[in-house]
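Structure file run_0.txt; described as compact mmCIF, C-alpha atoms and all ligand atoms.
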```txt
# COMPACT_ATOMS: atom_id res chain seq x y z
CA MET A 1 15.48 10.32 8.01
CA ARG A 2 15.08 7.55 5.41
CA ILE A 3 11.51 6.83 4.49
CA PHE A 4 9.69 4.00 2.73
CA ASP A 5 6.06 4.96 2.06
CA PRO A 6 4.32 1.58 1.93
CA HIS A 7 1.03 2.88 0.47
CA ILE A 8 0.87 5.81 -1.93
CA HIS A 9 -0.89 6.23 -5.28
CA MET A 10 1.83 8.05 -7.19
CA SER A 11 0.04 7.77 -10.56
CA SER A 12 -2.30 10.47 -9.27
CA ARG A 13 0.51 12.74 -8.00
CA THR A 14 2.73 15.28 -9.72
CA THR A 15 6.48 15.48 -10.24
CA ASP A 16 6.53 18.27 -7.61
CA ASP A 17 5.45 15.63 -5.11
CA TYR A 18 8.27 13.31 -6.16
CA GLU A 19 10.75 16.16 -5.68
CA ARG A 20 9.42 17.12 -2.27
CA MET A 21 9.27 13.48 -1.17
CA TYR A 22 12.91 12.92 -2.13
CA GLU A 23 13.90 16.04 -0.24
CA ALA A 24 12.01 14.78 2.83
CA GLY A 25 13.91 11.47 2.76
CA VAL A 26 11.56 9.20 0.81
CA ARG A 27 13.63 6.66 -1.12
CA ALA A 28 11.11 3.88 -1.74
CA VAL A 29 7.36 3.53 -2.21
CA VAL A 30 4.75 0.85 -2.77
CA GLU A 31 1.80 1.81 -4.96
CA PRO A 32 -1.21 -0.45 -4.41
CA ALA A 33 -3.62 -0.97 -7.31
CA PHE A 34 -6.87 0.76 -6.39
CA TRP A 35 -10.14 2.25 -7.51
CA LEU A 36 -9.72 5.23 -9.85
CA GLY A 37 -12.80 7.20 -8.79
CA GLN A 38 -14.39 6.72 -12.20
CA PRO A 39 -15.84 3.18 -12.51
CA ARG A 40 -13.97 0.96 -14.97
CA THR A 41 -16.00 -0.96 -17.48
CA SER A 42 -13.81 -3.91 -18.48
CA PRO A 43 -10.79 -5.96 -17.42
CA ASP A 44 -8.81 -4.51 -20.35
CA THR A 45 -8.58 -1.12 -18.68
CA PHE A 46 -7.21 -2.83 -15.54
CA ALA A 47 -4.52 -4.48 -17.67
CA ASP A 48 -3.40 -1.06 -18.95
CA TYR A 49 -3.44 0.31 -15.38
CA PHE A 50 -1.43 -2.63 -14.03
CA ASP A 51 1.07 -2.22 -16.88
CA SER A 52 1.56 1.43 -15.97
CA LEU A 53 2.15 0.48 -12.30
CA LEU A 54 4.87 -1.87 -13.51
CA GLY A 55 6.36 0.25 -16.27
CA TRP A 56 5.82 3.96 -16.58
CA GLU A 57 5.40 4.80 -12.88
CA PRO A 58 8.61 3.06 -11.65
CA TYR A 59 10.39 4.77 -14.54
CA ARG A 60 8.96 8.15 -13.52
CA ALA A 61 9.88 7.56 -9.84
CA SER A 62 13.44 6.63 -10.80
CA GLN A 63 13.89 10.09 -12.37
CA PHE A 64 13.53 11.48 -8.84
CA GLY A 65 15.73 8.95 -7.04
CA ILE A 66 12.83 6.90 -5.65
CA ARG A 67 12.35 3.13 -5.91
CA HIS A 68 8.81 2.19 -6.91
CA HIS A 69 7.06 -1.17 -6.38
CA CYS A 70 3.39 -2.08 -6.59
CA THR A 71 0.73 -4.43 -5.30
CA ILE A 72 -1.82 -5.85 -7.74
CA ALA A 73 -5.46 -6.84 -7.14
CA LEU A 74 -9.09 -6.23 -7.98
CA ASN A 75 -9.94 -3.54 -5.40
CA PRO A 76 -12.83 -4.09 -2.92
CA LYS A 77 -15.11 -1.45 -4.41
CA GLU A 78 -14.97 -2.77 -7.98
CA ALA A 79 -15.31 -6.34 -6.74
CA ASN A 80 -19.03 -5.47 -6.76
CA ASP A 81 -19.14 -4.70 -10.48
CA PRO A 82 -19.77 -7.82 -12.58
CA ARG A 83 -18.06 -6.15 -15.56
CA CYS A 84 -14.75 -6.22 -13.63
CA ARG A 85 -14.86 -9.81 -12.39
CA GLY A 86 -12.68 -10.98 -15.28
CA VAL A 87 -9.78 -9.14 -13.62
CA LEU A 88 -9.35 -12.20 -11.38
CA ASP A 89 -8.29 -14.17 -14.48
CA LEU A 90 -5.61 -11.58 -15.31
CA LEU A 91 -4.07 -11.66 -11.85
CA PRO A 92 -1.87 -14.80 -11.97
CA ARG A 93 0.01 -13.32 -14.94
CA TYR A 94 0.63 -10.02 -13.10
CA LEU A 95 1.44 -11.56 -9.74
CA ALA A 96 4.38 -13.33 -11.39
CA LYS A 97 6.03 -10.01 -12.32
CA ASP A 98 9.16 -8.67 -10.62
CA GLY A 99 7.86 -5.28 -9.44
CA VAL A 100 4.84 -6.81 -7.65
CA VAL A 101 5.52 -7.16 -3.92
CA ALA A 102 2.04 -8.22 -2.68
CA VAL A 103 -1.55 -8.92 -3.60
CA GLY A 104 -3.55 -5.79 -2.75
CA GLU A 105 -5.52 -3.77 -1.99
CA VAL A 106 -7.97 -6.56 -1.18
CA GLY A 107 -10.63 -6.56 1.54
CA TYR A 108 -13.97 -4.91 2.16
CA ASP A 109 -15.69 -1.74 1.02
CA SER A 110 -19.40 -2.33 1.81
CA MET A 111 -19.06 -5.97 2.98
CA THR A 112 -21.22 -7.52 0.24
CA PRO A 113 -21.29 -11.23 -0.70
CA GLU A 114 -19.42 -10.29 -3.92
CA GLU A 115 -16.65 -8.70 -1.86
CA ASP A 116 -16.48 -11.84 0.33
CA GLU A 117 -15.98 -13.99 -2.72
CA VAL A 118 -13.35 -11.78 -4.40
CA PHE A 119 -11.45 -11.22 -1.13
CA ALA A 120 -11.16 -14.97 -0.44
CA ALA A 121 -10.24 -15.73 -4.07
CA GLN A 122 -7.42 -13.19 -3.97
CA LEU A 123 -5.99 -14.48 -0.67
CA ALA A 124 -5.87 -17.91 -2.34
CA LEU A 125 -3.98 -16.29 -5.24
CA ALA A 126 -1.51 -14.80 -2.75
CA ILE A 127 -0.79 -18.26 -1.38
CA GLU A 128 -0.41 -19.63 -4.90
CA ALA A 129 1.94 -16.82 -5.96
CA ASP A 130 3.83 -17.01 -2.64
CA LEU A 131 3.19 -13.30 -1.99
CA PRO A 132 2.08 -11.34 1.08
CA ALA A 133 -1.30 -9.61 1.03
CA MET A 134 -2.27 -6.02 1.75
CA VAL A 135 -5.78 -5.64 3.14
CA HIS A 136 -7.80 -2.41 2.99
CA THR A 137 -10.33 -1.94 5.81
CA PRO A 138 -13.63 -0.15 5.12
CA HIS A 139 -14.04 3.50 6.01
CA ARG A 140 -17.60 2.88 7.29
CA ASP A 141 -18.20 0.42 10.12
CA LYS A 142 -14.46 -0.13 10.44
CA ALA A 143 -14.47 -2.33 13.56
CA THR A 144 -16.89 -4.86 12.05
CA GLY A 145 -15.05 -4.76 8.72
CA THR A 146 -11.69 -5.33 10.37
CA ARG A 147 -12.97 -8.20 12.51
CA ARG A 148 -14.49 -9.86 9.44
CA SER A 149 -11.28 -9.29 7.46
CA LEU A 150 -9.28 -11.08 10.15
CA ASP A 151 -11.74 -14.00 9.98
CA VAL A 152 -11.35 -14.24 6.21
CA VAL A 153 -7.54 -14.14 6.59
CA ARG A 154 -7.68 -16.91 9.20
CA GLU A 155 -9.87 -19.08 6.97
CA SER A 156 -7.61 -18.50 3.95
CA GLY A 157 -4.65 -20.28 5.54
CA LEU A 158 -2.34 -17.37 4.65
CA ALA A 159 0.10 -16.93 7.57
CA SER A 160 -0.71 -13.83 9.64
CA GLU A 161 2.87 -12.50 9.32
CA ARG A 162 2.27 -12.38 5.53
CA VAL A 163 -0.71 -10.02 5.95
CA LEU A 164 -0.83 -6.25 6.38
CA ILE A 165 -4.15 -4.80 7.58
CA ASP A 166 -4.29 -1.17 6.56
CA HIS A 167 -6.18 2.04 7.46
CA LEU A 168 -6.30 1.11 11.15
CA ASN A 169 -7.29 3.40 14.02
CA GLU A 170 -7.61 3.31 17.81
CA LEU A 171 -10.63 1.00 17.57
CA THR A 172 -9.06 -1.63 15.33
CA VAL A 173 -5.35 -1.77 16.20
CA ALA A 174 -5.62 -4.17 19.18
CA MET A 175 -7.43 -6.96 17.32
CA VAL A 176 -4.94 -6.82 14.44
CA LYS A 177 -1.96 -6.90 16.78
CA GLU A 178 -3.44 -9.84 18.60
CA ALA A 179 -4.03 -11.69 15.33
CA GLY A 180 -0.31 -11.38 14.52
CA CYS A 181 -0.80 -9.39 11.30
CA TRP A 182 1.15 -6.23 10.39
CA MET A 183 -0.59 -2.99 11.31
CA GLY A 184 -0.88 -0.20 8.70
CA PHE A 185 -1.92 3.38 9.46
CA SER A 186 -2.83 5.93 6.80
CA VAL A 187 -2.20 9.48 7.98
CA TYR A 188 -4.43 12.02 6.25
CA PRO A 189 -4.68 15.83 6.50
CA ASP A 190 -8.20 15.96 7.90
CA THR A 191 -9.82 12.55 8.30
CA LYS A 192 -8.89 9.28 9.96
CA MET A 193 -5.44 9.22 11.56
CA ASP A 194 -3.28 12.31 12.19
CA GLU A 195 0.36 12.44 13.38
CA ASP A 196 -0.45 13.10 17.05
CA ARG A 197 -2.94 10.24 17.26
CA MET A 198 -0.33 8.10 15.50
CA VAL A 199 2.28 8.92 18.15
CA THR A 200 -0.20 8.03 20.92
CA ILE A 201 -0.85 4.65 19.28
CA LEU A 202 2.90 4.01 18.94
CA LYS A 203 3.36 4.80 22.64
CA GLU A 204 0.66 2.35 23.59
CA TYR A 205 1.35 -0.49 21.14
CA GLY A 206 5.07 -0.10 20.37
CA THR A 207 6.81 0.03 17.00
CA GLU A 208 6.86 -3.68 16.19
CA ARG A 209 4.93 -4.62 13.00
CA VAL A 210 3.65 -1.02 12.63
CA LEU A 211 3.73 0.69 9.22
CA VAL A 212 2.81 4.31 8.54
CA ASN A 213 1.75 5.57 5.12
CA SER A 214 0.35 8.69 3.48
CA ALA A 215 -2.09 6.79 1.21
CA ALA A 216 -1.89 9.93 -0.92
CA ASP A 217 -4.06 9.77 -4.03
CA TRP A 218 -6.24 12.12 -6.10
CA GLY A 219 -8.17 13.22 -3.01
CA ARG A 220 -7.06 15.63 -0.29
CA SER A 221 -3.93 13.99 1.01
CA ASP A 222 -0.30 14.76 1.80
CA PRO A 223 2.63 12.69 0.47
CA LEU A 224 4.85 14.09 3.24
CA LYS A 225 2.75 12.70 6.10
CA THR A 226 5.30 9.91 6.70
CA ARG A 227 7.99 12.52 7.39
CA LYS A 228 5.62 14.47 9.64
CA VAL A 229 4.95 11.35 11.72
CA GLY A 230 8.72 10.80 12.04
CA GLU A 231 9.14 14.35 13.31
CA ALA A 232 6.21 14.01 15.73
CA MET A 233 7.76 10.78 17.05
CA LEU A 234 11.09 12.52 17.72
CA LYS A 235 9.33 15.39 19.44
CA ALA A 236 7.49 12.92 21.66
CA GLY A 237 10.75 11.31 22.79
CA PHE A 238 11.10 8.36 20.42
CA THR A 239 14.69 7.75 19.25
CA ALA A 240 15.94 8.10 15.68
CA GLU A 241 16.22 4.31 15.69
CA ASP A 242 12.50 3.96 16.56
CA VAL A 243 11.65 6.26 13.67
CA ASP A 244 13.83 4.20 11.33
CA THR A 245 12.08 1.02 12.51
CA VAL A 246 8.64 2.38 11.63
CA LEU A 247 9.47 4.36 8.49
CA TRP A 248 12.02 2.01 6.94
CA ASP A 249 12.74 -1.36 8.55
CA ASN A 250 9.12 -2.44 8.98
CA PRO A 251 7.99 -1.83 5.39
CA VAL A 252 11.21 -3.44 4.15
CA ALA A 253 10.58 -6.48 6.37
CA PHE A 254 6.92 -6.81 5.35
CA TYR A 255 7.26 -6.33 1.59
CA GLY A 256 10.66 -8.06 1.62
CA GLN A 257 8.72 -11.30 2.17
CA SER A 258 7.96 -11.16 -1.56
CA GLY A 259 11.65 -11.66 -2.29
CA ARG A 260 11.28 -8.87 -4.86
CA LEU A 261 12.20 -5.60 -3.12
CA ASP A 262 14.96 -3.81 -4.98
CA LEU A 263 16.29 -0.97 -2.85
CA ALA A 264 19.49 -0.23 -4.75
CA GLU A 265 19.76 3.47 -5.54
CA ALA A 266 17.36 4.30 -8.36
CA ASP A 267 19.21 4.55 -11.63
CA PRO A 268 17.27 6.88 -13.94
CA ALA A 269 17.15 5.57 -17.49
CA GLU A 270 16.70 8.01 -20.39
CA PHE A 271 13.61 6.31 -21.78
CA TYR A 272 10.83 3.92 -20.91
CA ALA A 273 9.32 2.11 -23.92
CA GLY A 274 10.60 4.92 -26.09
CA ASN A 275 9.04 7.64 -23.91
CA THR A 276 10.65 10.14 -21.57
CA ILE A 277 9.38 12.61 -18.98
CA LYS A 278 11.45 15.30 -20.68
CA ARG A 279 9.45 17.39 -23.12
CA GLY A 280 10.74 17.04 -26.63
CA GLY A 281 12.75 13.99 -25.61
ZN ZN B 1 -5.00 3.13 -1.16
```
Once you've parsed the file, please lay out its structure as structure tokens.
Amino acid sequence: MRIFDPHIHMSSRTTDDYERMYEAGVRAVVEPAFWLGQPRTSPDTFADYFDSLLGWEPYRASQFGIRHHCTIALNPKEANDPRCRGVLDLLPRYLAKDGVVAVGEVGYDSMTPEEDEVFAAQLALAIEADLPAMVHTPHRDKATGTRRSLDVVRESGLASERVLIDHLNELTVAMVKEAGCWMGFSVYPDTKMDEDRMVTILKEYGTERVLVNSAADWGRSDPLKTRKVGEAMLKAGFTAEDVDTVLWDNPVAFYGQSGRLDLAEADPAEFYAGNTIKRGG
């Protein structure tokens, strides 16, 4: 089974995870820029974070045979903090970089006017940078948040096939499919989607434009959930080809629209910026 995890926050995971992921078949990941739990107080700290998503983390992933790309954005939650608004001015510079395969995560957290403004501004940046966009949907009041997100996408003029709407569930999948956007599902150990519900959704809606991710981060999460969905699909009678469509071809097709996916076998360098993961190196 070859696996592309299209949404995983590897900066908050250990090297054990990278090893287990490789063993499970993961060969490529996309790490979306997100909220770090602790509020950030200035755009400068975002710049350092974005640099690590483009430098150190792809280097670290390459040591374990995994290709690492990222998406860059001001996340929905911190869109509400006036101290972080200057991040929007940093974005054009980052969106021009090779390892960036989309603008994201953008979208809604609490659906405030500030979030409206930042969401629309970043979809405009996606058009300008000729990049797809990855949209996070809120964990509270998901149906309303998803419907509003689709409206904002429509108004932005960004083509629906360039947009991935993530963290979907049974209540939100139909409207996203109908809108022509890509459908993302985050499979967690104990909240939101699990592998059996995922299989039921795949049976009902098919495999076209569906992406499955672990969204693993610093919270309770499981970086092997992609593999577990693949196994659940096989057990439910899907073919190996169906599994490959969902776990590899679809993320490659969506993020490939950036023109920047590099899926050649990861070639581990000795050093990144003079640093190595080897102690004493
Ligand atoms: Zn995320």
- Message: As a quick test: using all atoms listed in the file, which residues lie no more than 8 Å away from ligand ZN 1 (chain B)? Give them as a ChimeraX atom specification.
- Response: /A:7-9,31-34,105,136,215-217
Report as AutoDock Vina command-line options the centre and the edge lengths, in Å to one decimal, of the axis-aligned box holding every listed atom of range 237-240 of chain A, padded by 5 Å on each side.
```
--center_x 13.3 --center_y 9.5 --center_z 19.2 --size_x 15.2 --size_y 13.6 --size_z 17.1
```
- Note on the structure: Of A:Ser186, A:Ser149, A:Ser160, A:Ser11, the one sitting nearest Thr226 in chain A when using all atoms listed in the file is A:Ser186
- Query: Nearest to Leu211 in chain A among A:Ala102, A:Ala47, A:Ile3, A:Leu91, with distances taken over all atoms listed in the file: which residue is it?
  - Reply: A:Ile3
- Task: Kindly indicate which residue among A:Asp190, A:Asp48, A:Asp222, A:Asp242 lies nearest to Lys203 in chain A, using all atoms listed in the file for the distances.
- Result: A:Asp242
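Shortest atom-to-atom contact with Tyr59 in chain A among A:Gly280, A:Gly274, A:Glu204, A:Leu164: A:Gly274, counting only C-alpha atoms.
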- Task: Would you mind telling me which residue in A:Gly107, A:Gly99, A:Pro39, A:Gly206 lies nearest to Asp151 in chain A when using all atoms listed in the file?
- Result: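 For Asp151 in chain A, the nearest of the candidates is A:Gly107.
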- Item | Selected residue, from A:Glu231, A:Asp98, A:Glu208, A:Asp166, that lies nearest to Ala133 in chain A when counting all atoms listed in the file | A:Asp166
Complete the atom set of range 37-62 of chain A to N, CA and C atoms and return it as a CSV table (one decimal), in the coordinates of the input.
```csv
chain,number,residue,atom,x,y,z
A,37,GLY,N,-11.8,6.1,-8.9
A,37,GLY,CA,-12.8,7.2,-8.8
A,37,GLY,C,-13.9,7.0,-9.8
A,38,GLN,N,-13.5,7.0,-11.1
A,38,GLN,CA,-14.4,6.7,-12.2
A,38,GLN,C,-14.5,5.2,-12.4
A,39,PRO,N,-15.7,4.6,-12.4
A,39,PRO,CA,-15.8,3.2,-12.5
A,39,PRO,C,-15.2,2.7,-13.8
A,40,ARG,N,-14.5,1.6,-13.8
A,40,ARG,CA,-14.0,1.0,-15.0
A,40,ARG,C,-15.0,0.0,-15.5
A,41,THR,N,-14.9,-0.2,-16.8
A,41,THR,CA,-16.0,-1.0,-17.5
A,41,THR,C,-15.5,-2.3,-18.0
A,42,SER,N,-14.2,-2.6,-18.0
A,42,SER,CA,-13.8,-3.9,-18.5
A,42,SER,C,-12.4,-4.3,-17.9
A,43,PRO,N,-12.1,-5.5,-17.9
A,43,PRO,CA,-10.8,-6.0,-17.4
A,43,PRO,C,-9.6,-5.4,-18.2
A,44,ASP,N,-9.9,-5.0,-19.5
A,44,ASP,CA,-8.8,-4.5,-20.4
A,44,ASP,C,-8.2,-3.2,-19.8
A,45,THR,N,-9.1,-2.4,-19.2
A,45,THR,CA,-8.6,-1.1,-18.7
A,45,THR,C,-7.8,-1.3,-17.4
A,46,PHE,N,-8.1,-2.5,-16.7
A,46,PHE,CA,-7.2,-2.8,-15.5
A,46,PHE,C,-5.8,-3.2,-16.0
A,47,ALA,N,-5.8,-4.0,-17.1
A,47,ALA,CA,-4.5,-4.5,-17.7
A,47,ALA,C,-3.6,-3.3,-18.0
A,48,ASP,N,-4.2,-2.3,-18.6
A,48,ASP,CA,-3.4,-1.1,-19.0
A,48,ASP,C,-2.9,-0.4,-17.7
A,49,TYR,N,-3.8,-0.3,-16.7
A,49,TYR,CA,-3.4,0.3,-15.4
A,49,TYR,C,-2.3,-0.5,-14.7
A,50,PHE,N,-2.5,-1.8,-14.6
A,50,PHE,CA,-1.4,-2.6,-14.0
A,50,PHE,C,-0.1,-2.5,-14.8
A,51,ASP,N,-0.2,-2.4,-16.1
A,51,ASP,CA,1.1,-2.2,-16.9
A,51,ASP,C,1.7,-0.9,-16.5
A,52,SER,N,0.9,0.1,-16.3
A,52,SER,CA,1.6,1.4,-16.0
A,52,SER,C,2.2,1.4,-14.6
A,53,LEU,N,1.6,0.6,-13.6
A,53,LEU,CA,2.2,0.5,-12.3
A,53,LEU,C,3.5,-0.3,-12.3
A,54,LEU,N,3.7,-1.1,-13.4
A,54,LEU,CA,4.9,-1.9,-13.5
A,54,LEU,C,5.9,-1.3,-14.5
A,55,GLY,N,5.5,-0.3,-15.3
A,55,GLY,CA,6.4,0.2,-16.3
A,55,GLY,C,6.6,1.7,-16.1
A,56,TRP,N,5.6,2.5,-16.5
A,56,TRP,CA,5.8,4.0,-16.6
A,56,TRP,C,6.1,4.6,-15.2
A,57,GLU,N,5.3,4.1,-14.2
A,57,GLU,CA,5.4,4.8,-12.9
A,57,GLU,C,6.8,4.5,-12.2
A,58,PRO,N,7.2,3.3,-12.2
A,58,PRO,CA,8.6,3.1,-11.6
A,58,PRO,C,9.7,3.8,-12.4
A,59,TYR,N,9.5,4.0,-13.7
A,59,TYR,CA,10.4,4.8,-14.5
A,59,TYR,C,10.3,6.2,-14.1
A,60,ARG,N,9.1,6.8,-13.9
A,60,ARG,CA,9.0,8.2,-13.5
A,60,ARG,C,9.6,8.4,-12.1
A,61,ALA,N,9.3,7.4,-11.2
A,61,ALA,CA,9.9,7.6,-9.8
A,61,ALA,C,11.4,7.6,-9.9
A,62,SER,N,12.0,6.7,-10.7
A,62,SER,CA,13.4,6.6,-10.8
A,62,SER,C,14.1,8.0,-11.2
```
